[in-house]
Amino acid sequence: MYIGEPKTDTAYISAFYYNAQHCEQQQGIGIEKIIGNRSKPGITWLNIDGLHDTALVERIGKTFGISSLTLEDILNTHQRPKLDEYGNYVYVVVKMLHYPKGSDELEIEQVSFLLGNNFLLSFQEAPGDTFDFVRTRLQLDNSALRLNGTDYLLYALLDTIVDNYFIIMERLSSRIEDLEEQLLNNSDEKLLTDIYWLKKEINRIRRSVYPLREVIATLDRNESRLMTPNTKWYIRDVYDHTVQVIESIENFRDITSTMIDLYLSGTSHRMNSIMKILTIMSSIFIPLTFIAGVYGMNFEHMPELKWAYGYFGVLIVMFFIAFGILWYVKRKKWL
Amino acid sequence: MYIGEPKTDTAYISAFYYNAQHCEQQQGIGIEKIIGNRSKPGITWLNIDGLHDTALVERIGKTFGISSLTLEDILNTHQRPKLDEYGNYVYVVVKMLHYPKGSDELEIEQVSFLLGNNFLLSFQEAPGDTFDFVRTRLQLDNSALRLNGTDYLLYALLDTIVDNYFIIMERLSSRIEDLEEQLLNNSDEKLLTDIYWLKKEINRIRRSVYPLREVIATLDRNESRLMTPNTKWYIRDVYDHTVQVIESIENFRDITSTMIDLYLSGTSHRMNSIMKILTIMSSIFIPLTFIAGVYGMNFEHMPELKWAYGYFGVLIVMFFIAFGILWYVKRKKWL
Amino acid sequence: MYIGEPKTDTAYISAFYYNAQHCEQQQGIGIEKIIGNRSKPGITWLNIDGLHDTALVERIGKTFGISSLTLEDILNTHQRPKLDEYGNYVYVVVKMLHYPKGSDELEIEQVSFLLGNNFLLSFQEAPGDTFDFVRTRLQLDNSALRLNGTDYLLYALLDTIVDNYFIIMERLSSRIEDLEEQLLNNSDEKLLTDIYWLKKEINRIRRSVYPLREVIATLDRNESRLMTPNTKWYIRDVYDHTVQVIESIENFRDITSTMIDLYLSGTSHRMNSIMKILTIMSSIFIPLTFIAGVYGMNFEHMPELKWAYGYFGVLIVMFFIAFGILWYVKRKKWL
Amino acid sequence: MYIGEPKTDTAYISAFYYNAQHCEQQQGIGIEKIIGNRSKPGITWLNIDGLHDTALVERIGKTFGISSLTLEDILNTHQRPKLDEYGNYVYVVVKMLHYPKGSDELEIEQVSFLLGNNFLLSFQEAPGDTFDFVRTRLQLDNSALRLNGTDYLLYALLDTIVDNYFIIMERLSSRIEDLEEQLLNNSDEKLLTDIYWLKKEINRIRRSVYPLREVIATLDRNESRLMTPNTKWYIRDVYDHTVQVIESIENFRDITSTMIDLYLSGTSHRMNSIMKILTIMSSIFIPLTFIAGVYGMNFEHMPELKWAYGYFGVLIVMFFIAFGILWYVKRKKWL
Amino acid sequence: MYIGEPKTDTAYISAFYYNAQHCEQQQGIGIEKIIGNRSKPGITWLNIDGLHDTALVERIGKTFGISSLTLEDILNTHQRPKLDEYGNYVYVVVKMLHYPKGSDELEIEQVSFLLGNNFLLSFQEAPGDTFDFVRTRLQLDNSALRLNGTDYLLYALLDTIVDNYFIIMERLSSRIEDLEEQLLNNSDEKLLTDIYWLKKEINRIRRSVYPLREVIATLDRNESRLMTPNTKWYIRDVYDHTVQVIESIENFRDITSTMIDLYLSGTSHRMNSIMKILTIMSSIFIPLTFIAGVYGMNFEHMPELKWAYGYFGVLIVMFFIAFGILWYVKRKKWL
């Protein structure tokens, strides 16, 4: 039932049990212990890295009263970002974007959140350090995270993910600038292929980010007790960031289309220059070669051939014809 | 009154009479028996393959109290996917897409559903194995299908159809990847024709799938007792899938447009290369040929002709001219 | 006050006076008789062919209590399809499309309907046989037309008009297929002009059909006693057909745009082929001609000229150069 | 505070004081008299030509209780058409389009209306005869204008302006037809420039007319006692006309885009033809010239040169080569 | 926490304390004094130039009871224009556009407003003279600014910013006219690059201005006591201006796209002309050169060579061939 390629070998669970007073972190916790800890007071945050162990996901789901439909969705990594409201929890799917170190190929990872009254479950496809900043802040006494509920924790995690998008945007922006510079200097055919792949990548990112706007707007409209009015102020902030990212993407789409025009026009301009050379060379030498041909004919009666200055005369005529044509071409601004 | 080309010779009806306790399957059932079974308790699912037997469709319609307008719609296979709500039943039209074995031409088959309180009628244009998985599950005791009503059965059938779309999407996706690879390697004119047909096919699929989103959303909003709240959770799942398919289609449309640009630009780039060769060949040899022409003239008084090293001198001059032009062309980056 | 070109010489009125029990048809009825018949019980359907006789239209209007604004609209044949609701009648304007026999130029005719409680007036610009099927059915006892009110008659006439659109769609579809076939075979400049005219015609049709969707939706939403709930079921059917026609038109628009790309690319591809020939011919013969030119020079001291096998040697060298170039061209896949 | 270029030297005011019984026209009336006439019973219509006399506009404004914001808007001629509702009056801005006699440059004039309970003020940038028809009708006893209120007068004036748009549309339509005809016949570069200017002009018109739809719809929705239900019927008529104009504009925009494609394709087609000629000429003569060059070489041992029929043989061979190439070219359909 | 590049060295605060009776201006006021002045009656307007001193911003925030989320937003200069409503204040972000003196690169500066009941805080990234006109008017007794509340002051400042946009629009408009003129005269490749940069700049401006429409509409809909009905009339005026600016931008976008077409077509037209020259030169001289080549052959038996008028005959024949080709080319309208 797991749909997607496994990106990690074994599932790894890290748990946080915290409230305003204390915070307890358990790395690599097992499912039995999770069930045992279920009755702990305060807030539980479980972060599961790796989804291919469907049995594990199912047992976690049962422990927290999650519907089987939701579990299926968590295990299907080809979903659009979305938000489903159930009676006792809210299910949020978002996409995390990152370029692996030393690679130019964007990786899209699906992250699912289950927001309950006193628990938050986050499911990632592979381990990563994106949430480390949240983990650090969680261990600080008096941090906003400790003083607020699970909805604020969800906000903090979503905020981290959306802030990461800006890094992707900057990378795209610098790739586009690179391409622009190359475009203005040469017309390698590879360039167009590069623009094409860039455009496809922008489309991929777009499909990952676009639905997020609606997801976060729905979170903001959520009327249940799961979202406190205070957290909604912060959620609106994430919403603004998402809109900014979407605007960047739309701008990039527009720019890449114009770049294709620029490339095509550059190509045709270069062709023009080449044709001009050919035309001018031909226009000058074709008539001259014809004249040389005429005097290369072997007729017995060709009076000019006997003239003492025939040869020099012809050379001078040729010279004037060449310059006449050059002058005409210059005047017509074809060169 | 049947509009469309008959895709099968004789209509074939398979019937399921089931409830939580038992399930009875009758293959190739006749109309008389259907009428006789009408009063059976539990749920009736009739699947009719083949629509050209209009009399049969009409008698089935009368048996289940279906309006003649609906019957006309069932028999017209050129419809858009739609949902009509009548007093005692809901009429749903969707399109099934599949590539016949060994063929590259997409076939679009219309499937009509009539959802009543204790019956579901499904009309297909031709026999097929798409619903076999549902049939198998129906025969299992304790399967969700047996424990729920006709609305859940409708969900299961719609889900099967929409899941099939993903197979079509994958096929399109791999065709596009094929075309991309070819595009980057050569510029066969056939390629553009291929992109054109692909684009037309994507348009056809789009028109089959696009209205489905609205159909399923209407099903979700349905207030009548025909749709139970529980089934609506599942219907929302089908909705999500439909949206995903539509997004893929939009993406494919966008990509094919860019491919046409890529093709045109590749063509013009290749033209550029060819023109360069011609220009360079001409630019080098046209002046040289002219010089040879000059010394081929038959003037009596051409002093150079008598020089001992005239011939070799001219050859050397030609050599330098050729290299001068080549050097100039290289410096200008035209090669 | 009549705006448009008269398409017929004299206005011709045909009248139907009917109810469930009997039906009386009067062809070529005069205005006096119409006024006299006004008090007849049952339903009156007047069909007026030809609008240039404004006095006649005005008198009919007065007889049935039609506002002068509506009469002006009837007489202006450049209107968009629309629906205006007045107190005692509904005014509907639609466009009828047809290709005159033996002609390729689409004719657009405006048809106005005035739907009253016990009368329906239909105004056409020219006589035609489109409504004959309705007339025939009207004379049958027990036909649905006879058993229902004026709203059902309006439905039947609108249905006839919209069904006619499908014929236009088929014609367009086959014209597009013709053009496609030609596109793939040659690149006559006329072809592009054909696509251009086709595009303009599709735009014309689009403007005639697009507003109809809104017109029929408004008819469906009509709350007055003029539209019975029963007829609304049928109106929805016409609505579905209209949406189908609109989808076809949108599809045709999209296809014609792509066809222009296809044409342009075909042109540039053919240019490419021509340029290749030129380039290869030139590339092979230009160096050879140069060599021949060299040995055509008249220098006194050209040692090769005296060699016994000089001539054959040069021929062989030329042969190898030609084949070398051909081989290089083949290897580079330029041919 | 006046924004725009003055289009007339002195402001000129014409006044109408009328009710059902009588109508009094005062041409070139002064501001003092207007103030004096303020208390006259019946309806006052003041038409002010020329806006640069801001003091005058201000005094008129004070007399009729107009807000200073409105007066600023009247004096700024760069506004979009809009409608502002104030407590005691409605402010409407529209654009009047016309081609000055003997000129091809469209002039856009701003017209402001202030609709009060018993007064209508209209401000034009320059004198013109557009409203003359309304003036004439106003002087007829029993004309609808005399029997209705200021709202009907506003309708009549708006109707005049919108009817004028149709003249502009016809002019554009005939310009487009001209361009089409030229496009199909030649490929003058000027043509593209013409299409470009046409497109810009269509855009200008579009911006003048587009917002008018919303303005008139707002007028129709106006709930105040300033708009009577009766007049609204007429306003809807103007609305329909506006929509028709907008549709024409959208159609023109679409057509001009396609025309650019048509032009570009015509250009490339002509280029194709030229290239064909060049290629065929070259393909035929280049090999022949080469052969001539071979037999022009001065080798001592060239056996063919001594053959009695060598020359004729070569001529015949050349003839066959030329026809062979021509035949090949014909068969390949390059010519 | 400051996001953006500091555009000034030290933050500079100017304060206005005013009511209808008096107005006190304090330039370069310190934070201590601001806190001290907090209890002053009347309206406080603080304008802060320079945002990098985050401590200062924070202290000001605390003094006026601003949420930390808002302060973060103020310090992040990469925001979209937006409006956030808090309990006791409204937060508005807009973008100020200007070209630095002597530079062609547009600068976008973020301006934040905090509208409270008796205070208005405005945060700019750098000092500037945009608000000087408001400052001057503020010092006049009886000016509307002094008689109204903080909302009117906000309107005046927004109005100043939006009015500035028109200057940018005029600059863009004249750049476009420049480009148009150049386009019609030559086809420098730099031109396309210019259009490209222009398009990018228009996109940048668009993203700065587009969201402003929504911001101002929200301000108009604001129900709190912060916005008085009177000021809303003025806000609507700013709204109209913003819509006008947005329309200009959309128009510019449309025009630049058409300009790219115009450029490409100009290029291809020029190519056409060049090709024509080449083709005509070649077509005339290639056959002539061939004839000369024929009579340059060294066959012993070439009867024509011995004819007395052979040479002149050939020259005449060549002359007729050249004119024949020229005539043919003229007739075919290729020249």
# chains A, B, ... in the order shown; residues from 1 in each chain; ligands from 1
>>> closest_atom_pairs(of="chain E", to="chain D", cutoff="9 Å", atoms="only C-alpha atoms", output="Markdown table")
| residue | atom | partner | partner_atom | distance |
| --- | --- | --- | --- | --- |
| E:Leu184 | CA | D:Thr193 | CA | 7.7 |
| E:Trp233 | CA | D:Leu69 | CA | 8.2 |
| E:Tyr234 | CA | D:Leu69 | CA | 7.6 |
| E:Asp237 | CA | D:Leu69 | CA | 8.2 |
| E:Asp240 | CA | D:Arg80 | CA | 8.0 |
| E:His241 | CA | D:Gln79 | CA | 8.2 |
| E:Val243 | CA | D:Arg80 | CA | 8.6 |
| E:Gln244 | CA | D:Arg80 | CA | 6.8 |
| E:Glu247 | CA | D:Arg207 | CA | 7.9 |
| E:Asn251 | CA | D:Asn203 | CA | 7.4 |
| E:Asp254 | CA | D:Asn203 | CA | 9.0 |
| E:Ile255 | CA | D:Lys200 | CA | 7.4 |
| E:Thr258 | CA | D:Tyr196 | CA | 7.3 |
| E:Met259 | CA | D:Tyr196 | CA | 8.2 |
| E:Asp261 | CA | D:Ile260 | CA | 7.8 |
| E:Leu262 | CA | D:Leu192 | CA | 7.1 |
| E:Leu264 | CA | D:Leu264 | CA | 8.9 |
| E:Ser265 | CA | D:Leu264 | CA | 6.2 |
| E:Gly266 | CA | D:Glu189 | CA | 7.3 |
| E:Ser268 | CA | D:Thr267 | CA | 7.6 |
| E:His269 | CA | D:Glu189 | CA | 6.9 |
| E:Met271 | CA | D:Met271 | CA | 8.6 |
| E:Asn272 | CA | D:Met271 | CA | 5.8 |
| E:Ser273 | CA | D:Met271 | CA | 9.0 |
| E:Met275 | CA | D:Ile274 | CA | 7.5 |
| E:Lys276 | CA | D:Ile274 | CA | 6.7 |
| E:Leu278 | CA | D:Leu278 | CA | 8.2 |
| E:Thr279 | CA | D:Leu278 | CA | 5.2 |
| E:Ile280 | CA | D:Leu278 | CA | 8.0 |
| E:Ser282 | CA | D:Leu278 | CA | 7.1 |
| E:Ser283 | CA | D:Met281 | CA | 6.3 |
| E:Ile286 | CA | D:Phe285 | CA | 6.5 |
| E:Pro287 | CA | D:Phe285 | CA | 6.4 |
| E:Thr289 | CA | D:Thr289 | CA | 7.4 |
| E:Phe290 | CA | D:Thr289 | CA | 4.9 |
| E:Ile291 | CA | D:Thr289 | CA | 8.1 |
| E:Ala292 | CA | D:Ala292 | CA | 8.8 |
| E:Gly293 | CA | D:Ala292 | CA | 5.2 |
| E:Val294 | CA | D:Ala292 | CA | 5.1 |
| E:Tyr295 | CA | D:Ala292 | CA | 8.2 |
| E:Gly296 | CA | D:Gly296 | CA | 5.5 |
| E:Met297 | CA | D:Gly296 | CA | 3.9 |
| E:Asn298 | CA | D:Gly296 | CA | 5.3 |
| E:Phe299 | CA | D:Leu305 | CA | 4.3 |
| E:Glu300 | CA | D:Lys306 | CA | 5.7 |
| E:His301 | CA | D:Ala308 | CA | 6.0 |
| E:Met302 | CA | D:Tyr311 | CA | 6.3 |
| E:Trp334 | CA | D:Ile274 | CA | 7.4 |
>>> residues_around(residues="E:Tyr89", least_positions_apart="2", cutoff="10 Å", atoms="only C-alpha atoms", output="ChimeraX atom specification")
/E:64-67,84-87,91-92,113-120,224,226
>>> residues_around(residues="stretch 43-53 of chain D", least_positions_apart="6", cutoff="7 Å", atoms="only C-alpha atoms", output="ChimeraX atom specification")
/D:2,6-8,10-19,75,118-127,150
>>> select_by_dssp(residues="stretch 58-171 of chain B", states="strand (DSSP E or B)", output="number ranges by chain")
B: 76, 82-85, 90-98, 107-115, 119-124
>>> residues_around(residues="B:Arg135", least_positions_apart="5", cutoff="10 Å", atoms="only C-alpha atoms", output="list in words")
Phe16, Gln25, Asp129, Thr130, Leu140, Leu145 and Leu157 of chain B
>>> write_last_selection(atoms="C-alpha atoms", output="tab-separated table (two decimals), in the first residue's frame")
chain	number	residue	atom	x	y	z
B	16	PHE	CA	-25.29	-8.89	-8.07
B	25	GLN	CA	-23.96	-13.29	-8.65
B	129	ASP	CA	-12.47	-6.16	-16.92
B	130	THR	CA	-12.20	-2.82	-15.18
B	140	LEU	CA	-15.80	-11.42	0.33
B	145	LEU	CA	-18.62	-3.07	0.02
B	157	LEU	CA	-16.65	1.85	-9.21
>>> select_by_dssp(residues="stretch 110-298 of chain D", states="helix (DSSP H, G or I)", output="ChimeraX atom specification")
/D:132-138,144-147,150-185,189-221,229-294
